[in-house]
Each structure stands twice: as structure tokens, then as C-alpha cells.
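The file coords-v5.pdb contains PDB, C-alpha atoms:
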```
ATOM      1  CA  MET Q 286     113.109   3.053  23.728
ATOM      2  CA  ASN Q 287     115.807   3.674  21.132
ATOM      3  CA  ALA Q 288     115.903   2.403  17.535
ATOM      4  CA  THR Q 289     118.131  -0.631  18.286
ATOM      5  CA  GLN Q 290     115.776  -1.894  20.985
ATOM      6  CA  GLY Q 291     112.857  -1.446  18.616
ATOM      7  CA  ARG Q 292     114.564  -3.574  15.991
ATOM      8  CA  ILE Q 293     115.158  -6.342  18.536
ATOM      9  CA  TYR Q 294     111.434  -6.601  19.239
ATOM     10  CA  ILE Q 295     110.351  -6.175  15.646
ATOM     11  CA  LYS Q 296     112.438  -9.067  14.266
ATOM     12  CA  PRO Q 297     110.754 -11.921  16.198
ATOM     13  CA  ALA Q 298     107.389 -10.302  15.595
ATOM     14  CA  LEU Q 299     108.044 -10.274  11.857
ATOM     15  CA  ILE Q 300     109.118 -13.930  11.921
ATOM     16  CA  LEU Q 301     105.987 -14.830  13.868
ATOM     17  CA  PHE Q 302     103.831 -12.851  11.459
ATOM     18  CA  GLY Q 303     105.486 -14.584   8.488
ATOM     19  CA  ALA Q 304     104.902 -17.982  10.034
ATOM     20  CA  MET Q 305     101.255 -17.105  10.671
ATOM     21  CA  LEU Q 306     100.848 -15.977   7.068
ATOM     22  CA  LEU Q 307     102.421 -19.187   5.830
ATOM     23  CA  GLY Q 308     100.086 -21.196   8.017
ATOM     24  CA  ALA Q 309      97.066 -19.221   6.925
ATOM     25  CA  PHE Q 310      97.693 -19.541   3.207
ATOM     26  CA  SER Q 311      99.003 -23.085   3.061
ATOM     27  CA  PRO Q 312      96.333 -25.623   2.036
ATOM     28  CA  PRO Q 313      94.742 -27.486   4.927
ATOM     29  CA  ALA Q 314      95.871 -30.823   3.562
ATOM     30  CA  PHE Q 315      99.429 -29.674   2.989
ATOM     31  CA  GLY Q 316     101.623 -32.736   3.323
ATOM     32  CA  GLN Q 317      98.516 -34.855   2.845
ATOM     33  CA  ASN Q 318      98.758 -35.381  -0.853
ATOM     34  CA  PRO Q 319      98.341 -39.107  -1.424
ATOM     35  CA  LYS Q 320      99.749 -38.906  -4.960
ATOM     36  CA  LEU Q 321     103.268 -40.283  -5.060
ATOM     37  CA  ASP Q 322     105.977 -39.273  -7.452
ATOM     38  CA  ILE Q 323     106.855 -42.556  -9.142
ATOM     39  CA  LYS Q 324     108.504 -41.085 -12.202
ATOM     40  CA  ASN Q 325     111.907 -42.180 -10.901
ATOM     41  CA  LEU Q 326     110.941 -45.737 -11.882
ATOM     42  CA  GLU Q 327     110.480 -44.891 -15.545
ATOM     43  CA  PRO Q 328     114.070 -45.705 -16.588
ATOM     44  CA  LEU Q 329     113.444 -49.287 -15.420
ATOM     45  CA  ALA Q 330     111.155 -49.754 -18.397
ATOM     46  CA  LYS Q 331     114.223 -50.115 -20.619
ATOM     47  CA  LYS Q 332     115.504 -53.038 -18.580
ATOM     48  CA  ALA Q 333     112.168 -54.726 -18.037
ATOM     49  CA  SER Q 334     110.829 -57.517 -20.194
ATOM     50  CA  GLU Q 335     107.258 -56.517 -19.433
ATOM     51  CA  VAL Q 336     105.944 -53.185 -18.302
ATOM     52  CA  VAL Q 337     102.536 -52.135 -17.132
ATOM     53  CA  ASP Q 338     102.258 -48.397 -16.729
ATOM     54  CA  VAL Q 339      98.871 -47.050 -15.735
ATOM     55  CA  ASN Q 340      98.328 -43.350 -15.218
ATOM     56  CA  LEU Q 341      94.711 -42.499 -14.665
ATOM     57  CA  ASP Q 342      93.800 -39.140 -13.239
ATOM     58  CA  GLY Q 343      90.331 -38.097 -12.140
ATOM     59  CA  ALA Q 344      89.208 -37.083 -15.626
ATOM     60  CA  LEU Q 345      90.312 -40.373 -17.177
ATOM     61  CA  LEU Q 346      88.678 -42.333 -14.376
ATOM     62  CA  LYS Q 347      85.428 -40.520 -15.081
ATOM     63  CA  LEU Q 348      85.776 -41.263 -18.767
ATOM     64  CA  ALA Q 349      86.535 -44.917 -18.054
ATOM     65  CA  SER Q 350      83.528 -45.194 -15.779
ATOM     66  CA  LYS Q 351      81.280 -44.202 -18.699
ATOM     67  CA  PHE Q 352      82.526 -47.229 -20.584
ATOM     68  CA  MET Q 353      82.351 -49.660 -17.692
ATOM     69  CA  THR Q 354      78.888 -50.781 -18.560
ATOM     70  CA  SER Q 355      79.233 -54.545 -18.560
ATOM     71  CA  GLU Q 356      78.106 -56.545 -15.581
ATOM     72  CA  ASP Q 357      81.663 -57.673 -15.023
ATOM     73  CA  ASP Q 358      82.758 -54.061 -14.570
ATOM     74  CA  GLN Q 359      80.223 -53.109 -11.937
ATOM     75  CA  GLU Q 360      82.374 -54.081  -8.943
ATOM     76  CA  GLY Q 361      85.292 -52.117 -10.321
ATOM     77  CA  LEU Q 362      83.018 -49.195 -11.071
ATOM     78  CA  GLY Q 363      81.949 -49.105  -7.433
ATOM     79  CA  ILE Q 364      85.579 -48.949  -6.370
ATOM     80  CA  ILE Q 365      86.732 -46.197  -8.714
ATOM     81  CA  LYS Q 366      83.598 -44.078  -8.309
ATOM     82  CA  ASN Q 367      85.119 -41.529  -5.935
ATOM     83  CA  LEU Q 368      88.773 -41.988  -6.757
ATOM     84  CA  LYS Q 369      90.929 -39.141  -7.981
ATOM     85  CA  GLY Q 370      93.662 -41.210  -9.539
ATOM     86  CA  ILE Q 371      95.171 -44.635 -10.024
ATOM     87  CA  TYR Q 372      98.837 -44.970 -10.847
ATOM     88  CA  VAL Q 373     100.512 -48.325 -11.338
ATOM     89  CA  LYS Q 374     103.987 -49.256 -12.401
ATOM     90  CA  ASN Q 375     104.751 -52.925 -12.787
ATOM     91  CA  PHE Q 376     108.042 -54.156 -14.183
ATOM     92  CA  GLU Q 377     108.951 -57.734 -14.848
ATOM     93  CA  PHE Q 378     112.591 -58.523 -15.502
ATOM     94  CA  ASP Q 379     114.289 -61.500 -17.082
ATOM     95  CA  LYS Q 380     116.848 -61.753 -14.327
ATOM     96  CA  PRO Q 381     117.172 -60.551 -10.722
ATOM     97  CA  GLY Q 382     119.022 -57.392  -9.767
ATOM     98  CA  GLU Q 383     117.726 -55.196 -12.555
ATOM     99  CA  TYR Q 384     116.355 -52.632 -10.144
ATOM    100  CA  SER Q 385     118.118 -51.229  -7.113
ATOM    101  CA  GLN Q 386     117.027 -50.718  -3.549
ATOM    102  CA  ALA Q 387     117.476 -47.010  -4.191
ATOM    103  CA  ASP Q 388     114.618 -47.200  -6.683
ATOM    104  CA  VAL Q 389     112.360 -48.641  -3.999
ATOM    105  CA  GLU Q 390     113.692 -46.333  -1.306
ATOM    106  CA  ALA Q 391     112.788 -43.290  -3.391
ATOM    107  CA  ILE Q 392     109.159 -44.387  -3.190
ATOM    108  CA  ARG Q 393     109.369 -45.585   0.385
ATOM    109  CA  GLY Q 394     110.861 -42.245   1.425
ATOM    110  CA  GLN Q 395     107.715 -40.445   0.298
ATOM    111  CA  LEU Q 396     105.689 -42.691   2.548
ATOM    112  CA  GLN Q 397     107.647 -41.857   5.675
ATOM    113  CA  THR Q 398     105.483 -38.867   6.533
ATOM    114  CA  PRO Q 399     103.079 -38.866   9.493
ATOM    115  CA  SER Q 400     100.088 -38.861   7.167
ATOM    116  CA  TRP Q 401     100.987 -42.287   5.777
ATOM    117  CA  SER Q 402     100.665 -45.424   7.893
ATOM    118  CA  ARG Q 403     102.239 -48.704   6.951
ATOM    119  CA  ILE Q 404      99.521 -51.206   7.655
ATOM    120  CA  VAL Q 405     101.203 -54.290   6.272
ATOM    121  CA  SER Q 406     104.792 -55.187   5.711
ATOM    122  CA  ALA Q 407     105.260 -58.771   4.677
ATOM    123  CA  GLN Q 408     108.728 -59.996   3.880
ATOM    124  CA  SER Q 409     109.623 -63.384   2.583
ATOM    125  CA  LYS Q 410     113.342 -63.729   3.063
ATOM    126  CA  HIS Q 411     113.205 -67.140   1.461
ATOM    127  CA  GLU Q 412     111.688 -65.782  -1.733
ATOM    128  CA  GLY Q 413     113.333 -62.379  -1.395
ATOM    129  CA  GLU Q 414     109.949 -60.728  -1.650
ATOM    130  CA  THR Q 415     108.668 -57.690   0.195
ATOM    131  CA  THR Q 416     105.142 -56.346   0.155
ATOM    132  CA  GLU Q 417     104.213 -53.171   1.927
ATOM    133  CA  ILE Q 418     100.831 -51.541   2.095
ATOM    134  CA  TYR Q 419     100.450 -47.968   3.213
ATOM    135  CA  LEU Q 420      97.314 -45.996   3.884
ATOM    136  CA  MET Q 421      96.819 -42.292   4.182
ATOM    137  CA  THR Q 422      93.899 -41.449   6.401
ATOM    138  CA  ALA Q 423      92.288 -38.122   7.167
ATOM    139  CA  SER Q 424      92.960 -36.492  10.499
ATOM    140  CA  ASP Q 425      89.640 -37.878  11.759
ATOM    141  CA  GLY Q 426      91.250 -41.293  11.301
ATOM    142  CA  GLY Q 427      88.315 -42.773   9.460
ATOM    143  CA  THR Q 428      88.444 -41.577   5.889
ATOM    144  CA  VAL Q 429      91.012 -43.181   3.658
ATOM    145  CA  LEU Q 430      92.631 -40.575   1.423
ATOM    146  CA  GLY Q 431      94.937 -42.853  -0.480
ATOM    147  CA  MET Q 432      96.753 -46.135  -0.630
ATOM    148  CA  ALA Q 433     100.148 -47.290  -1.774
ATOM    149  CA  ILE Q 434     101.398 -50.801  -2.392
ATOM    150  CA  ILE Q 435     105.039 -51.632  -2.921
ATOM    151  CA  ASN Q 436     105.769 -55.163  -3.995
ATOM    152  CA  ALA Q 437     109.406 -55.956  -4.599
ATOM    153  CA  GLU Q 438     110.397 -59.364  -5.859
ATOM    154  CA  PRO Q 439     113.754 -60.374  -7.301
ATOM    155  CA  LYS Q 440     112.418 -60.229 -10.846
ATOM    156  CA  GLU Q 441     109.428 -57.978 -10.423
ATOM    157  CA  LEU Q 442     108.736 -54.560  -8.985
ATOM    158  CA  THR Q 443     105.250 -53.172  -8.533
ATOM    159  CA  VAL Q 444     104.145 -49.837  -7.177
ATOM    160  CA  VAL Q 445     100.458 -49.051  -6.897
ATOM    161  CA  ASN Q 446      99.263 -45.630  -5.854
ATOM    162  CA  ILE Q 447      95.559 -45.051  -5.441
ATOM    163  CA  VAL Q 448      94.438 -41.502  -4.747
ATOM    164  CA  GLY Q 449      91.069 -41.052  -3.109
ATOM    165  CA  PRO Q 450      88.802 -42.920  -0.733
ATOM    166  CA  ILE Q 451      89.575 -46.525  -1.544
ATOM    167  CA  ASP Q 452      87.743 -49.373   0.103
ATOM    168  CA  ILE Q 453      90.441 -51.998   0.556
ATOM    169  CA  ASP Q 454      87.929 -54.693   1.402
ATOM    170  CA  LYS Q 455      86.135 -54.124  -1.896
ATOM    171  CA  LEU Q 456      89.458 -54.077  -3.717
ATOM    172  CA  SER Q 457      90.452 -57.315  -2.081
ATOM    173  CA  ALA Q 458      87.065 -58.821  -2.856
ATOM    174  CA  LEU Q 459      87.724 -58.410  -6.591
ATOM    175  CA  GLU Q 460      89.579 -61.698  -6.374
ATOM    176  CA  GLY Q 461      87.941 -64.109  -8.767
ATOM    177  CA  LYS Q 462      86.154 -61.290 -10.618
ATOM    178  CA  MET Q 463      87.135 -59.046 -13.524
ATOM    179  CA  GLY Q 464      89.622 -61.685 -14.611
ATOM    180  CA  ILE Q 465      91.470 -61.494 -11.305
ATOM    181  CA  PRO Q 466      92.686 -64.931 -10.269
ATOM    182  CA  ARG Q 467      91.989 -66.432  -6.895
ATOM    183  CA  LEU Q 468      95.090 -66.693  -4.773
ATOM    184  CA  GLY Q 469      95.112 -70.451  -4.967
ATOM    185  CA  GLU Q 470      95.580 -70.151  -8.707
ATOM    186  CA  LYS Q 471      98.892 -69.327 -10.276
ATOM    187  CA  VAL Q 472      99.018 -65.603  -9.745
ATOM    188  CA  LYS Q 473     102.078 -64.706 -11.742
ATOM    189  CA  GLU Q 474     100.997 -66.120 -15.060
ATOM    190  CA  SER Q 475      97.387 -65.157 -14.838
ATOM    191  CA  SER Q 476      97.664 -61.765 -13.186
ATOM    192  CA  LYS Q 477      97.841 -60.243 -16.648
ATOM    193  CA  LYS Q 478      95.108 -61.137 -19.043
ATOM    194  CA  PRO Q 479      95.615 -61.458 -22.781
ATOM    195  CA  GLU Q 480      93.175 -58.583 -23.357
ATOM    196  CA  ASP Q 481      95.690 -56.240 -21.778
ATOM    197  CA  HIS Q 482      98.630 -57.238 -23.919
ATOM    198  CA  HIS Q 483      98.267 -54.273 -26.177
ATOM    199  CA  GLU Q 484      98.531 -52.016 -23.170
ATOM    200  CA  LYS Q 485     101.918 -53.316 -22.226
ATOM    201  CA  GLN Q 486     104.914 -51.495 -23.453
ATOM    202  CA  LYS Q 487     108.132 -53.264 -23.939
TER     203      LYS Q 487
ATOM    204  CA  MET A  79      73.159  51.661 -63.800
ATOM    205  CA  ASN A  80      74.079  50.928 -67.385
ATOM    206  CA  PRO A  81      71.954  48.807 -69.749
ATOM    207  CA  PHE A  82      74.185  45.772 -69.253
ATOM    208  CA  GLU A  83      73.785  45.892 -65.520
ATOM    209  CA  GLU A  84      70.074  46.341 -65.964
ATOM    210  CA  LYS A  85      69.891  43.190 -68.160
ATOM    211  CA  LEU A  86      71.956  41.183 -65.689
ATOM    212  CA  ARG A  87      69.798  42.247 -62.808
ATOM    213  CA  ASN A  88      66.681  41.204 -64.657
ATOM    214  CA  ALA A  89      68.211  37.888 -65.571
ATOM    215  CA  LEU A  90      69.216  37.081 -61.967
ATOM    216  CA  ARG A  91      65.964  38.189 -60.433
ATOM    217  CA  ARG A  92      64.558  35.813 -57.838
ATOM    218  CA  GLU A  93      61.574  33.920 -59.108
ATOM    219  CA  ALA A  94      59.215  31.775 -57.204
ATOM    220  CA  ALA A  95      59.166  28.066 -58.071
ATOM    221  CA  PRO A  96      56.197  26.957 -60.101
ATOM    222  CA  GLU A  97      53.353  25.464 -58.180
ATOM    223  CA  GLY A  98      53.774  21.744 -57.286
ATOM    224  CA  PHE A  99      57.540  21.803 -58.033
ATOM    225  CA  ALA A 100      58.596  20.333 -54.671
ATOM    226  CA  GLU A 101      56.017  17.540 -54.897
ATOM    227  CA  LYS A 102      57.169  16.647 -58.406
ATOM    228  CA  VAL A 103      60.822  16.432 -57.309
ATOM    229  CA  LEU A 104      59.990  14.249 -54.314
ATOM    230  CA  ALA A 105      57.811  12.000 -56.477
ATOM    231  CA  ARG A 106      60.663  11.415 -58.887
ATOM    232  CA  THR A 107      63.243  10.671 -56.200
ATOM    233  CA  ARG A 108      60.943   8.057 -54.697
ATOM    234  CA  GLY A 109      61.098   6.049 -57.888
ATOM    235  CA  LEU A 110      64.885   6.128 -58.081
ATOM    236  CA  PRO A 111      66.937   3.300 -56.410
ATOM    237  CA  GLN A 112      68.692   4.209 -53.146
ATOM    238  CA  PRO A 113      72.553   4.059 -53.168
ATOM    239  CA  GLY A 114      72.772   0.784 -51.057
ATOM    240  CA  GLU A 115      69.741  -0.744 -52.693
ATOM    241  CA  LYS A 116      71.429  -0.898 -56.020
ATOM    242  CA  ALA A 117      74.339  -2.962 -54.714
ATOM    243  CA  TRP A 118      71.966  -5.404 -53.021
ATOM    244  CA  ARG A 119      69.944  -5.755 -56.184
ATOM    245  CA  GLN A 120      73.119  -6.522 -58.121
ATOM    246  CA  PHE A 121      74.192  -9.032 -55.522
ATOM    247  CA  GLY A 122      70.780 -10.676 -55.652
ATOM    248  CA  ALA A 123      71.044 -10.924 -59.386
ATOM    249  CA  PHE A 124      74.506 -12.436 -59.031
ATOM    250  CA  LEU A 125      73.204 -15.041 -56.634
ATOM    251  CA  ALA A 126      70.403 -15.889 -58.940
ATOM    252  CA  LEU A 127      72.892 -17.204 -61.497
ATOM    253  CA  PRO A 128      72.224 -20.960 -61.863
ATOM    254  CA  VAL A 129      75.929 -21.859 -61.861
ATOM    255  CA  LEU A 130      76.487 -19.989 -58.683
ATOM    256  CA  ARG A 131      73.435 -21.569 -57.063
ATOM    257  CA  GLY A 132      74.786 -25.019 -57.816
ATOM    258  CA  ALA A 133      78.204 -24.127 -56.492
ATOM    259  CA  LEU A 134      76.702 -22.757 -53.284
ATOM    260  CA  ALA A 135      74.607 -25.869 -52.776
ATOM    261  CA  ALA A 136      77.663 -28.065 -53.322
ATOM    262  CA  ALA A 137      79.676 -25.994 -50.864
ATOM    263  CA  ALA A 138      76.909 -26.273 -48.278
ATOM    264  CA  VAL A 139      76.786 -30.052 -48.729
ATOM    265  CA  CYS A 140      80.592 -30.241 -48.408
ATOM    266  CA  LEU A 141      80.442 -28.160 -45.239
ATOM    267  CA  VAL A 142      77.811 -30.413 -43.710
ATOM    268  CA  ILE A 143      79.796 -33.529 -44.649
ATOM    269  CA  ALA A 144      83.019 -32.048 -43.230
ATOM    270  CA  ALA A 145      81.257 -31.157 -39.989
ATOM    271  CA  GLY A 146      79.877 -34.686 -39.799
ATOM    272  CA  VAL A 147      83.295 -36.218 -40.387
ATOM    273  CA  VAL A 148      84.886 -34.035 -37.721
ATOM    274  CA  HIS A 149      82.129 -34.901 -35.271
ATOM    275  CA  HIS A 150      82.465 -38.598 -36.038
ATOM    276  CA  GLU A 151      86.250 -38.427 -35.628
ATOM    277  CA  ARG A 152      85.850 -36.749 -32.251
ATOM    278  CA  GLN A 153      83.329 -39.333 -31.131
ATOM    279  CA  GLU A 154      85.608 -42.129 -32.263
ATOM    280  CA  ARG A 155      88.589 -40.644 -30.461
ATOM    281  CA  TRP A 156      86.509 -40.188 -27.306
ATOM    282  CA  ARG A 157      85.310 -43.792 -27.554
ATOM    283  CA  ARG A 158      88.850 -45.097 -28.120
ATOM    284  CA  GLU A 159      90.203 -43.121 -25.169
ATOM    285  CA  GLY A 160      87.329 -44.305 -23.018
ATOM    286  CA  GLU A 161      87.888 -47.938 -23.954
ATOM    287  CA  MET A 162      91.602 -47.588 -23.293
ATOM    288  CA  ALA A 163      90.917 -45.974 -19.921
ATOM    289  CA  ARG A 164      88.517 -48.801 -19.090
ATOM    290  CA  VAL A 165      91.153 -51.419 -19.916
ATOM    291  CA  GLN A 166      93.691 -49.526 -17.830
ATOM    292  CA  VAL A 167      91.305 -49.344 -14.891
ATOM    293  CA  ARG A 168      90.737 -53.093 -15.060
ATOM    294  CA  GLN A 169      94.454 -53.692 -15.324
ATOM    295  CA  ALA A 170      95.257 -51.389 -12.398
ATOM    296  CA  LEU A 171      92.541 -52.906 -10.205
ATOM    297  CA  ARG A 172      93.737 -56.382 -11.097
ATOM    298  CA  ILE A 173      97.329 -55.657 -10.103
ATOM    299  CA  ALA A 174      96.296 -53.762  -6.965
ATOM    300  CA  SER A 175      93.914 -56.512  -5.903
ATOM    301  CA  VAL A 176      96.413 -59.304  -6.534
ATOM    302  CA  LYS A 177      99.203 -57.559  -4.632
ATOM    303  CA  LEU A 178      96.843 -56.645  -1.803
ATOM    304  CA  ASN A 179      95.646 -60.214  -1.482
ATOM    305  CA  VAL A 180      99.166 -61.616  -1.644
ATOM    306  CA  ALA A 181     100.086 -59.373   1.286
ATOM    307  CA  ARG A 182      96.905 -60.302   3.139
ATOM    308  CA  LYS A 183      97.616 -63.967   2.595
ATOM    309  CA  LYS A 184     101.104 -63.573   3.970
ATOM    310  CA  VAL A 185      99.839 -61.752   7.036
ATOM    311  CA  ARG A 186      97.274 -64.510   7.483
ATOM    312  CA  GLU A 187      99.992 -67.100   7.218
ATOM    313  CA  ILE A 188     101.931 -65.358   9.939
ATOM    314  CA  ASN A 189      98.979 -64.905  12.200
ATOM    315  CA  ARG A 190      96.926 -68.018  11.560
ATOM    316  CA  GLU A 191      94.707 -67.254  14.473
ATOM    317  CA  THR A 192      93.874 -63.853  13.046
ATOM    318  CA  PRO A 193      90.400 -63.566  11.449
ATOM    319  CA  PRO A 194      90.210 -63.005   7.665
ATOM    320  CA  SER A 195      89.255 -59.359   8.084
ATOM    321  CA  ARG A 196      92.571 -58.756   9.768
ATOM    322  CA  LEU A 197      93.664 -56.145   7.329
ATOM    323  CA  LYS A 198      90.767 -53.889   8.155
ATOM    324  CA  CYS A 199      91.666 -54.059  11.816
ATOM    325  CA  ALA A 200      95.270 -53.701  10.894
ATOM    326  CA  VAL A 201      94.654 -50.123   9.862
ATOM    327  CA  HIS A 202      94.841 -49.305  13.519
ATOM    328  CA  GLU A 203      97.001 -52.129  14.749
ATOM    329  CA  ARG A 204      99.710 -51.953  12.102
ATOM    330  CA  PRO A 205     100.834 -55.588  12.161
ATOM    331  CA  GLN A 206     104.074 -56.327  10.448
ATOM    332  CA  GLY A 207     104.918 -59.864   9.630
ATOM    333  CA  VAL A 208     108.086 -61.469   8.436
ATOM    334  CA  ILE A 209     108.034 -64.806   6.705
ATOM    335  CA  THR A 210     111.367 -66.522   6.713
TER     336      THR A 210
END
```

Translate the structure described by the file into C-alpha cells.
Amino acid sequence: MNATQGRIYIKPALILFGAMLLGAFSPPAFGQNPKLDIKNLEPLAKKASEVVDVNLDGALLKLASKFMTSEDDQEGLGIIKNLKGIYVKNFEFDKPGEYSQADVEAIRGQLQTPSWSRIVSAQSKHEGETTEIYLMTASDGGTVLGMAIINAEPKELTVVNIVGPIDIDKLSALEGKMGIPRLGEKVKESSKKPEDHHEKQK
Amino acid sequence: MNPFEEKLRNALRREAAPEGFAEKVLARTRGLPQPGEKAWRQFGAFLALPVLRGALAAAAVCLVIAAGVVHHERQERWRREGEMARVQVRQALRIASVKLNVARKKVREINRETPPSRLKCAVHERPQGVIT
């Protein structure tokens, strides 16, 4: 075998070896990070009349759980117990058209990976409202690794990203507790309690 | 050897130390302060000054108070951050729950025959509804 032939065989072997190394050292959950990048929505805060921006990582959730001592907080405490992060961006605008579809698509694009499953997509063409719920589940199919909610209304945009094993039934069951209105009640006005006003940034 | 040399020789003649000389020397050195001991004694005397004692006590009190203030500030900051995090958690859960239930309600409206726990099943079934 001469040198040229040797090089021909070595090249694919090197590529294969490189690929194996990459596979060996990449984290097992690579591509399975349920945390979304929602920073692209931050400029919308300037246009919005009301903004709710919640960024709670694991450490802050742990800290918060130490202060959730009231009886009213116990349900919420059970939900956040094993979470690694909660990120919410909610913008309310005075008039429609303040945010673009590109803003929503930037988030939606991150959810188009095989690890995310869209479990609900409800569109109201009459009201111009879209709600999508995505879940990231572990490869065993049972454990929920994260959840994302995109709610786009003409004058409101909401993105919720929950990182960690979230129980959606428990989350849904918070209705009527912790100041959360029942769906029969007027959701828009009462979805934000006065106690949170200082948290809102204009 | 001349007389001068003779005198010098006699003068420089080795003589044995008187009896008990070494003991006497050692006894006297024991009574003398050691080189470091003197400095410590002076420092002790300096500390014994009433003005200095008062100043030291005041400084110690100030130090304790400052440490207390710093500790209290830290505790307060920790409590404030914790309270803020708690409010944020409640706010986030409220928004997430409301939006989740709005979507669930819509799906229920589309599929009236579907049981209320549809969403749980939907994890596998992936229903997608459109309300027009």
C-alpha cells in the first residue's frame, strides 16, 4: 500500500473517530434543554402598556419556596418544588399590531425540535387569538422536562417557559386559588392582582 | 627576655576563675529581663493606660455594632429578595395557569364530547383545535 492509498483510508476513519468523540463528550440531553431563549421579546417592553417579566432560576425558586409559608401558597409550593426555572413574559399593548409574527416565530422556532411536542394549539380566528402549549418529555415518554405556552392575542402576547418536571394538572387546578380567577370570571381584568402591581414594569 | 617582657608575661598569665564565679554570673543573668520580655512588658504597661482601655472598649463595641448592622442588612436583603421571588412565583403561576386553562377550555369547546382530563391524554394524542 502506498502513501496515497493510506491517506484515502485514514480520512474517513478520522471523521468517524471525530464523530464518535463528539458523541461521547456531548451531554446526554443535548438538544433537550427546555429553557427557551425569550430575550428577543425584551424590546417589546417599550411598546407595551403593561409588562410582566418573571425570571426565576432554580436558586430563586428555592429562595421563594422558603417564603411560601402561607396556606394559600401550599399548592404553588407543591408545583415549584422540583422546578429548575420559570420564565414568563407578558406584554399588554394599547392597540393591536405592536408585536410582529416574527417575534412569535422566534420562540416557535425553538419549539420545532423533536424533543418538544405541541399538545394544544387553539386558534380563534374570530378573536385573532392563538394559544399553543408545548411539552418536552424525556425519552422514556413519561417524565415532563419542561413546558412552554405561547398565547398571542391582538393586544397581548404571553410566553411562559417552565423548566423542570411540571404537573400540568396541578397547574391547571390552581384555578380559583392563589388569586387565580375561575375561567367563568373575567380573566383579563383579574388575571393580575393588585399585589403584583409593583412587580410590573412599564 | 628583658624586664619589660617579664612584666608583661606576668601580667597576662592565665589565672583560674575564683570559686563560684560561673554560678554567680548565671544567678545574675536570671534576674535580668530577656530581650523580648522587655517589649512585652512595655506593651502591657501601654495597654494598662486607662485612656487606651476606654478607647479599646469603645472600638470593640463599635465593631460588634457594625457586625450586627451588616448581618441585619444581609438578612433584610435576603428577606426582600425572598418576598420578591415569592410574588414572582405567584404571578408566574397565575399567568401560566390562566393561559393553560384558556387553552384547555378552547379545546373542550371544540371537542365537547371529550372528558375534562383531555389535556392529559392529549400529551400523546396531540389534538389541535381551531375555533372560527

Report task. Go ahead and compute the interatomic distance for CA of Leu346 (chain Q) and CA of Asn179 (chain A), in Å to one decimal. Result -> 23.1 Å

As lines of an AutoDock Vina configuration file, please report the centre and edge lengths, rounded to one decimal in Å, of the axis-aligned box that holds all listed atoms of region 151-155 of chain A with 5 Å of padding on each of the six sides.
```
center_x = 86.0
center_y = -39.4
center_z = -33.0
size_x = 15.3
size_y = 15.4
size_z = 15.2
```

Could you list, as a PDB file with C-alpha atoms, in the frame of the given file, every residue matched by the PyMOL selection byres ((chain Q and resi 409) around 12) in this structure?
```pdb
ATOM      1  CA  SER Q 406     104.792 -55.187   5.711  1.00  0.00           C
ATOM      2  CA  ALA Q 407     105.260 -58.771   4.677  1.00  0.00           C
ATOM      3  CA  GLN Q 408     108.728 -59.996   3.880  1.00  0.00           C
ATOM      4  CA  LYS Q 410     113.342 -63.729   3.063  1.00  0.00           C
ATOM      5  CA  HIS Q 411     113.205 -67.140   1.461  1.00  0.00           C
ATOM      6  CA  GLU Q 412     111.688 -65.782  -1.733  1.00  0.00           C
ATOM      7  CA  GLY Q 413     113.333 -62.379  -1.395  1.00  0.00           C
ATOM      8  CA  GLU Q 414     109.949 -60.728  -1.650  1.00  0.00           C
ATOM      9  CA  THR Q 415     108.668 -57.690   0.195  1.00  0.00           C
ATOM     10  CA  THR Q 416     105.142 -56.346   0.155  1.00  0.00           C
ATOM     11  CA  GLU Q 417     104.213 -53.171   1.927  1.00  0.00           C
ATOM     12  CA  ASN Q 436     105.769 -55.163  -3.995  1.00  0.00           C
ATOM     13  CA  ALA Q 437     109.406 -55.956  -4.599  1.00  0.00           C
ATOM     14  CA  GLU Q 438     110.397 -59.364  -5.859  1.00  0.00           C
ATOM     15  CA  PRO Q 439     113.754 -60.374  -7.301  1.00  0.00           C
TER      16      PRO Q 439
ATOM     17  CA  VAL A 180      99.166 -61.616  -1.644  1.00  0.00           C
ATOM     18  CA  ALA A 181     100.086 -59.373   1.286  1.00  0.00           C
ATOM     19  CA  LYS A 184     101.104 -63.573   3.970  1.00  0.00           C
ATOM     20  CA  VAL A 185      99.839 -61.752   7.036  1.00  0.00           C
ATOM     21  CA  GLU A 187      99.992 -67.100   7.218  1.00  0.00           C
ATOM     22  CA  ILE A 188     101.931 -65.358   9.939  1.00  0.00           C
ATOM     23  CA  GLN A 206     104.074 -56.327  10.448  1.00  0.00           C
ATOM     24  CA  GLY A 207     104.918 -59.864   9.630  1.00  0.00           C
ATOM     25  CA  VAL A 208     108.086 -61.469   8.436  1.00  0.00           C
ATOM     26  CA  ILE A 209     108.034 -64.806   6.705  1.00  0.00           C
ATOM     27  CA  THR A 210     111.367 -66.522   6.713  1.00  0.00           C
TER      28      THR A 210
END
```

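Between CA of Met162 (chain A) and CA of Ala330 (chain Q) the interatomic distance comes to 20.3 Å.
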
**Report entry** Interatomic distance (Å, one decimal) between CA of Ser334 (chain Q) and CA of Asn375 (chain Q)
**Finding:**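 For CA of Ser334 (chain Q) relative to CA of Asn375 (chain Q), the distance reads 10.6 Å.
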
Requested in this report: Report as a PyMOL selection string the residues that result from applying the PyMOL selection byres ((chain Q and resi 402) around 6) to the structure here.
Outcome: chain Q and resi 401+403-404+419-420

Report task. Give me the residues within 12 Å of Ala387 (chain Q) as a PyMOL selection string, counting all atoms listed in the file and dropping any in the same chain fewer than 6 places off. Result -> chain Q and resi 325-326+393-394

Output C-alpha atoms of each residue in that selection to a file, as a compact mmCIF listing (two decimals), in the frame of the given file.
```
# COMPACT_ATOMS: atom_id res chain seq x y z
CA ASN Q 325 111.91 -42.18 -10.90
CA LEU Q 326 110.94 -45.74 -11.88
CA ARG Q 393 109.37 -45.58 0.38
CA GLY Q 394 110.86 -42.24 1.42
```

**Report entry** Pick from Q:Leu396, Q:Val339, Q:Leu321, Q:Ala391 nearest to chain A, counting only C-alpha atoms
**Finding:**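 Using only C-alpha atoms, chain A sits closest to Q:Val339.
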
Report task. Please evaluate the PyMOL selection byres ((chain Q and resi 382) around 12) against the structure above and give the resulting residues as a PyMOL selection string. Result -> chain Q and resi 329+332-333+377-381+383-388+413+437-442

**Report entry** Of the listed residues A:Ser175, A:Gln112, A:Asn189, A:Gln166, that which approaches Tyr372 (chain Q) most closely, counting only C-alpha atoms
**Finding:** A:Gln166
